[in-house]
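Undergrad: Structure file start_13.cif (mmCIF, N, CA and C atoms) right here:
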data_coords
#
loop_
_atom_site.label_atom_id
_atom_site.label_comp_id
_atom_site.auth_asym_id
_atom_site.auth_seq_id
_atom_site.Cartn_x
_atom_site.Cartn_y
_atom_site.Cartn_z
N MET A 6 15.95 6.01 4.95
CA MET A 6 14.76 5.95 4.14
C MET A 6 14.99 6.79 2.87
N HIS A 7 14.44 6.33 1.78
CA HIS A 7 14.57 7.03 0.52
C HIS A 7 13.46 8.07 0.40
N ASN A 8 13.70 9.07 -0.41
CA ASN A 8 12.65 10.06 -0.61
C ASN A 8 11.64 9.53 -1.63
N ALA A 9 10.49 10.18 -1.70
CA ALA A 9 9.39 9.72 -2.54
C ALA A 9 9.80 9.62 -4.00
N GLN A 10 10.55 10.57 -4.48
CA GLN A 10 10.96 10.57 -5.88
C GLN A 10 11.83 9.36 -6.21
N GLU A 11 12.74 9.01 -5.31
CA GLU A 11 13.60 7.85 -5.53
C GLU A 11 12.78 6.56 -5.55
N ILE A 12 11.84 6.44 -4.63
CA ILE A 12 11.00 5.25 -4.55
C ILE A 12 10.15 5.12 -5.81
N MET A 13 9.53 6.21 -6.23
CA MET A 13 8.69 6.18 -7.42
C MET A 13 9.51 5.83 -8.67
N THR A 14 10.68 6.41 -8.78
CA THR A 14 11.55 6.13 -9.93
C THR A 14 11.92 4.65 -9.97
N LYS A 15 12.27 4.10 -8.83
CA LYS A 15 12.64 2.68 -8.76
C LYS A 15 11.47 1.80 -9.19
N ILE A 16 10.28 2.07 -8.69
CA ILE A 16 9.10 1.27 -9.03
C ILE A 16 8.81 1.37 -10.53
N ILE A 17 8.87 2.58 -11.06
CA ILE A 17 8.59 2.77 -12.49
C ILE A 17 9.63 2.03 -13.33
N GLN A 18 10.89 2.10 -12.96
CA GLN A 18 11.94 1.44 -13.72
C GLN A 18 11.82 -0.08 -13.67
N GLU A 19 11.20 -0.61 -12.61
CA GLU A 19 11.03 -2.06 -12.48
C GLU A 19 9.87 -2.60 -13.32
N GLN A 20 9.06 -1.73 -13.87
CA GLN A 20 7.90 -2.17 -14.67
C GLN A 20 8.35 -2.59 -16.06
N PRO A 21 7.61 -3.54 -16.64
CA PRO A 21 7.95 -3.94 -18.01
C PRO A 21 7.75 -2.78 -18.99
N GLU A 22 8.44 -2.84 -20.09
CA GLU A 22 8.37 -1.77 -21.09
C GLU A 22 6.96 -1.52 -21.59
N ASP A 23 6.14 -2.57 -21.64
CA ASP A 23 4.78 -2.43 -22.16
C ASP A 23 3.74 -2.15 -21.07
N ALA A 24 4.19 -1.81 -19.87
CA ALA A 24 3.25 -1.51 -18.78
C ALA A 24 2.43 -0.28 -19.13
N SER A 25 1.13 -0.36 -18.83
CA SER A 25 0.26 0.78 -19.10
C SER A 25 0.37 1.80 -17.98
N TYR A 26 -0.13 2.98 -18.27
CA TYR A 26 -0.18 4.04 -17.26
C TYR A 26 -0.93 3.55 -16.02
N GLU A 27 -2.07 2.88 -16.25
CA GLU A 27 -2.89 2.38 -15.14
C GLU A 27 -2.14 1.34 -14.31
N GLU A 28 -1.41 0.45 -14.97
CA GLU A 28 -0.64 -0.57 -14.24
C GLU A 28 0.44 0.07 -13.38
N ILE A 29 1.11 1.06 -13.93
CA ILE A 29 2.16 1.75 -13.17
C ILE A 29 1.55 2.49 -11.98
N MET A 30 0.43 3.15 -12.20
CA MET A 30 -0.24 3.87 -11.11
C MET A 30 -0.68 2.90 -10.01
N CYS A 31 -1.16 1.73 -10.40
CA CYS A 31 -1.56 0.71 -9.41
C CYS A 31 -0.36 0.27 -8.58
N GLU A 32 0.78 0.06 -9.23
CA GLU A 32 1.99 -0.33 -8.51
C GLU A 32 2.44 0.75 -7.53
N LEU A 33 2.37 2.00 -7.97
CA LEU A 33 2.75 3.10 -7.08
C LEU A 33 1.80 3.20 -5.89
N ALA A 34 0.50 3.05 -6.14
CA ALA A 34 -0.49 3.11 -5.06
C ALA A 34 -0.29 1.95 -4.10
N PHE A 35 -0.02 0.75 -4.63
CA PHE A 35 0.19 -0.42 -3.79
C PHE A 35 1.39 -0.21 -2.87
N GLU A 36 2.48 0.29 -3.43
CA GLU A 36 3.69 0.56 -2.63
C GLU A 36 3.37 1.52 -1.49
N ARG A 37 2.61 2.56 -1.78
CA ARG A 37 2.27 3.55 -0.75
C ARG A 37 1.38 2.95 0.33
N MET A 38 0.41 2.11 -0.09
CA MET A 38 -0.46 1.48 0.90
C MET A 38 0.32 0.56 1.83
N VAL A 39 1.25 -0.19 1.26
CA VAL A 39 2.08 -1.08 2.09
C VAL A 39 2.93 -0.26 3.04
N GLU A 40 3.56 0.78 2.55
CA GLU A 40 4.41 1.62 3.41
C GLU A 40 3.59 2.27 4.51
N LYS A 41 2.39 2.75 4.18
CA LYS A 41 1.51 3.36 5.19
C LYS A 41 1.13 2.34 6.26
N GLY A 42 0.85 1.13 5.84
CA GLY A 42 0.51 0.07 6.81
C GLY A 42 1.68 -0.24 7.73
N LEU A 43 2.88 -0.29 7.17
CA LEU A 43 4.06 -0.54 8.00
C LEU A 43 4.31 0.61 8.97
N GLU A 44 4.11 1.84 8.51
CA GLU A 44 4.26 3.01 9.40
C GLU A 44 3.26 2.92 10.55
N ASP A 45 2.01 2.61 10.23
CA ASP A 45 0.98 2.47 11.27
C ASP A 45 1.36 1.39 12.27
N SER A 46 1.85 0.27 11.77
CA SER A 46 2.25 -0.83 12.64
C SER A 46 3.37 -0.42 13.58
N ARG A 47 4.37 0.27 13.04
CA ARG A 47 5.49 0.74 13.88
C ARG A 47 5.02 1.71 14.96
N LYS A 48 3.97 2.47 14.65
CA LYS A 48 3.44 3.44 15.61
C LYS A 48 2.42 2.82 16.56
N GLY A 49 2.16 1.53 16.41
CA GLY A 49 1.21 0.85 17.28
C GLY A 49 -0.25 1.08 16.89
N LYS A 50 -0.48 1.61 15.70
CA LYS A 50 -1.85 1.87 15.23
C LYS A 50 -2.39 0.59 14.59
N ILE A 51 -2.71 -0.37 15.44
CA ILE A 51 -3.18 -1.66 14.97
C ILE A 51 -4.45 -2.04 15.72
N ILE A 52 -5.19 -2.99 15.14
CA ILE A 52 -6.36 -3.54 15.82
C ILE A 52 -6.24 -5.05 15.81
N SER A 53 -6.97 -5.70 16.69
CA SER A 53 -6.91 -7.16 16.76
C SER A 53 -7.66 -7.79 15.59
N ASN A 54 -7.39 -9.06 15.35
CA ASN A 54 -8.11 -9.79 14.31
C ASN A 54 -9.61 -9.82 14.61
N GLU A 55 -9.95 -9.94 15.90
CA GLU A 55 -11.35 -9.98 16.30
C GLU A 55 -12.06 -8.68 15.95
N GLU A 56 -11.40 -7.54 16.21
CA GLU A 56 -11.97 -6.24 15.89
C GLU A 56 -12.15 -6.10 14.39
N MET A 57 -11.16 -6.55 13.63
CA MET A 57 -11.27 -6.46 12.17
C MET A 57 -12.41 -7.34 11.67
N GLU A 58 -12.56 -8.51 12.25
CA GLU A 58 -13.66 -9.40 11.86
C GLU A 58 -15.01 -8.73 12.13
N GLN A 59 -15.14 -8.08 13.27
CA GLN A 59 -16.39 -7.37 13.58
C GLN A 59 -16.65 -6.24 12.58
N ARG A 60 -15.62 -5.51 12.22
CA ARG A 60 -15.78 -4.42 11.25
C ARG A 60 -16.24 -4.94 9.89
N ILE A 61 -15.61 -6.02 9.45
CA ILE A 61 -15.98 -6.59 8.15
C ILE A 61 -17.42 -7.08 8.19
N ARG A 62 -17.81 -7.72 9.25
CA ARG A 62 -19.19 -8.20 9.36
C ARG A 62 -20.18 -7.04 9.33
N SER A 63 -19.80 -5.91 9.93
CA SER A 63 -20.73 -4.76 9.93
C SER A 63 -20.88 -4.19 8.52
N TRP A 64 -19.87 -4.35 7.67
CA TRP A 64 -19.96 -3.87 6.29
C TRP A 64 -20.90 -4.74 5.46
N GLN A 65 -21.05 -5.99 5.86
CA GLN A 65 -21.82 -6.94 5.09
C GLN A 65 -23.32 -6.84 5.38
N ARG A 66 -23.70 -6.03 6.31
CA ARG A 66 -25.12 -5.92 6.67
C ARG A 66 -25.86 -5.01 5.75
#
Go ahead and render the structure in this file as structure tokens.
TA:
Amino acid sequence: MHNAQEIMTKIIQEQPEDASYEEIMCELAFERMVEKGLEDSRKGKIISNEEMEQRIRSWQR
């Protein structure tokens, strides 16, 4: 696994030259969210589709 600095540098270098600060920050946040989700999945921290559907419905009330 790469360290945080290496990952951030790679993501920043992959952005177009005219990328805004906000766009770069969004890409960095997205990468972290994906990695966190994969970590949770590997650790078995998951819920069923049915449970997620119930949670979403409760938000809509």
Undergrad: Take atom CA of Lys41 of chain A and atom CA of His7 of chain A and report the distance between them in Å, one decimal.
TA: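 It comes out at 14.3 Å.
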Undergrad: So what do you get for atom CA of Ala9 of chain A versus atom CA of Glu36 of chain A, distance-wise?
TA: 10.8 Å
Undergrad: Expressed in Å to a single decimal, how great is the separation between atom CA of Gln59 of chain A and atom N of Asp45 of chain A?
TA: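 Atom-to-atom, atom CA of Gln59 of chain A to atom N of Asp45 of chain A, that is 21.2 Å.
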Undergrad: Where's the centre, and what are the edge lengths in Å to one decimal, of a box along x, y and z enclosing all listed atoms of segment 41-54 of chain A padded 3 Å per side, as lines of an AutoDock Vina configuration file?
TA:
center_x = -2.1
center_y = -3.2
center_z = 10.7
size_x = 21.1
size_y = 19.3
size_z = 19.1
Undergrad: Tell me, as a ChimeraX atom specification, which residues lie within 7 Å of segment 10-19 of chain A, counting only C-alpha atoms; anything in the same chain fewer than 2 positions away does not count.
TA: /A:7-8,21,29,33
Undergrad: Which residues in chain A does DSSP call helix (DSSP H, G or I)? List them as a ChimeraX atom specification.
TA: /A:9-19,26-47,54-64
Undergrad: Given the selection you just returned, output its residues as a file containing N, CA and C atoms, formatted as a CSV table (one decimal), in the coordinates of the input.
TA:
chain,number,residue,atom,x,y,z
A,9,ALA,N,10.5,10.2,-1.7
A,9,ALA,CA,9.4,9.7,-2.5
A,9,ALA,C,9.8,9.6,-4.0
A,10,GLN,N,10.6,10.6,-4.5
A,10,GLN,CA,11.0,10.6,-5.9
A,10,GLN,C,11.8,9.4,-6.2
A,11,GLU,N,12.7,9.0,-5.3
A,11,GLU,CA,13.6,7.8,-5.5
A,11,GLU,C,12.8,6.6,-5.6
A,12,ILE,N,11.8,6.4,-4.6
A,12,ILE,CA,11.0,5.2,-4.6
A,12,ILE,C,10.2,5.1,-5.8
A,13,MET,N,9.5,6.2,-6.2
A,13,MET,CA,8.7,6.2,-7.4
A,13,MET,C,9.5,5.8,-8.7
A,14,THR,N,10.7,6.4,-8.8
A,14,THR,CA,11.6,6.1,-9.9
A,14,THR,C,11.9,4.6,-10.0
A,15,LYS,N,12.3,4.1,-8.8
A,15,LYS,CA,12.6,2.7,-8.8
A,15,LYS,C,11.5,1.8,-9.2
A,16,ILE,N,10.3,2.1,-8.7
A,16,ILE,CA,9.1,1.3,-9.0
A,16,ILE,C,8.8,1.4,-10.5
A,17,ILE,N,8.9,2.6,-11.1
A,17,ILE,CA,8.6,2.8,-12.5
A,17,ILE,C,9.6,2.0,-13.3
A,18,GLN,N,10.9,2.1,-13.0
A,18,GLN,CA,11.9,1.4,-13.7
A,18,GLN,C,11.8,-0.1,-13.7
A,19,GLU,N,11.2,-0.6,-12.6
A,19,GLU,CA,11.0,-2.1,-12.5
A,19,GLU,C,9.9,-2.6,-13.3
A,26,TYR,N,-0.1,3.0,-18.3
A,26,TYR,CA,-0.2,4.0,-17.3
A,26,TYR,C,-0.9,3.6,-16.0
A,27,GLU,N,-2.1,2.9,-16.2
A,27,GLU,CA,-2.9,2.4,-15.1
A,27,GLU,C,-2.1,1.3,-14.3
A,28,GLU,N,-1.4,0.4,-15.0
A,28,GLU,CA,-0.6,-0.6,-14.2
A,28,GLU,C,0.4,0.1,-13.4
A,29,ILE,N,1.1,1.1,-13.9
A,29,ILE,CA,2.2,1.8,-13.2
A,29,ILE,C,1.6,2.5,-12.0
A,30,MET,N,0.4,3.2,-12.2
A,30,MET,CA,-0.2,3.9,-11.1
A,30,MET,C,-0.7,2.9,-10.0
A,31,CYS,N,-1.2,1.7,-10.4
A,31,CYS,CA,-1.6,0.7,-9.4
A,31,CYS,C,-0.4,0.3,-8.6
A,32,GLU,N,0.8,0.1,-9.2
A,32,GLU,CA,2.0,-0.3,-8.5
A,32,GLU,C,2.4,0.8,-7.5
A,33,LEU,N,2.4,2.0,-8.0
A,33,LEU,CA,2.8,3.1,-7.1
A,33,LEU,C,1.8,3.2,-5.9
A,34,ALA,N,0.5,3.0,-6.1
A,34,ALA,CA,-0.5,3.1,-5.1
A,34,ALA,C,-0.3,2.0,-4.1
A,35,PHE,N,0.0,0.8,-4.6
A,35,PHE,CA,0.2,-0.4,-3.8
A,35,PHE,C,1.4,-0.2,-2.9
A,36,GLU,N,2.5,0.3,-3.4
A,36,GLU,CA,3.7,0.6,-2.6
A,36,GLU,C,3.4,1.5,-1.5
A,37,ARG,N,2.6,2.6,-1.8
A,37,ARG,CA,2.3,3.6,-0.8
A,37,ARG,C,1.4,3.0,0.3
A,38,MET,N,0.4,2.1,-0.1
A,38,MET,CA,-0.5,1.5,0.9
A,38,MET,C,0.3,0.6,1.8
A,39,VAL,N,1.2,-0.2,1.3
A,39,VAL,CA,2.1,-1.1,2.1
A,39,VAL,C,2.9,-0.3,3.0
A,40,GLU,N,3.6,0.8,2.6
A,40,GLU,CA,4.4,1.6,3.4
A,40,GLU,C,3.6,2.3,4.5
A,41,LYS,N,2.4,2.8,4.2
A,41,LYS,CA,1.5,3.4,5.2
A,41,LYS,C,1.1,2.3,6.3
A,42,GLY,N,0.8,1.1,5.8
A,42,GLY,CA,0.5,0.1,6.8
A,42,GLY,C,1.7,-0.2,7.7
A,43,LEU,N,2.9,-0.3,7.2
A,43,LEU,CA,4.1,-0.5,8.0
A,43,LEU,C,4.3,0.6,9.0
A,44,GLU,N,4.1,1.8,8.5
A,44,GLU,CA,4.3,3.0,9.4
A,44,GLU,C,3.3,2.9,10.6
A,45,ASP,N,2.0,2.6,10.2
A,45,ASP,CA,1.0,2.5,11.3
A,45,ASP,C,1.4,1.4,12.3
A,46,SER,N,1.8,0.3,11.8
A,46,SER,CA,2.2,-0.8,12.6
A,46,SER,C,3.4,-0.4,13.6
A,47,ARG,N,4.4,0.3,13.0
A,47,ARG,CA,5.5,0.7,13.9
A,47,ARG,C,5.0,1.7,15.0
A,54,ASN,N,-7.4,-9.1,15.4
A,54,ASN,CA,-8.1,-9.8,14.3
A,54,ASN,C,-9.6,-9.8,14.6
A,55,GLU,N,-10.0,-9.9,15.9
A,55,GLU,CA,-11.4,-10.0,16.3
A,55,GLU,C,-12.1,-8.7,16.0
A,56,GLU,N,-11.4,-7.5,16.2
A,56,GLU,CA,-12.0,-6.2,15.9
A,56,GLU,C,-12.2,-6.1,14.4
A,57,MET,N,-11.2,-6.6,13.6
A,57,MET,CA,-11.3,-6.5,12.2
A,57,MET,C,-12.4,-7.3,11.7
A,58,GLU,N,-12.6,-8.5,12.2
A,58,GLU,CA,-13.7,-9.4,11.9
A,58,GLU,C,-15.0,-8.7,12.1
A,59,GLN,N,-15.1,-8.1,13.3
A,59,GLN,CA,-16.4,-7.4,13.6
A,59,GLN,C,-16.6,-6.2,12.6
A,60,ARG,N,-15.6,-5.5,12.2
A,60,ARG,CA,-15.8,-4.4,11.2
A,60,ARG,C,-16.2,-4.9,9.9
A,61,ILE,N,-15.6,-6.0,9.4
A,61,ILE,CA,-16.0,-6.6,8.2
A,61,ILE,C,-17.4,-7.1,8.2
A,62,ARG,N,-17.8,-7.7,9.2
A,62,ARG,CA,-19.2,-8.2,9.4
A,62,ARG,C,-20.2,-7.0,9.3
A,63,SER,N,-19.8,-5.9,9.9
A,63,SER,CA,-20.7,-4.8,9.9
A,63,SER,C,-20.9,-4.2,8.5
A,64,TRP,N,-19.9,-4.4,7.7
A,64,TRP,CA,-20.0,-3.9,6.3
A,64,TRP,C,-20.9,-4.7,5.5
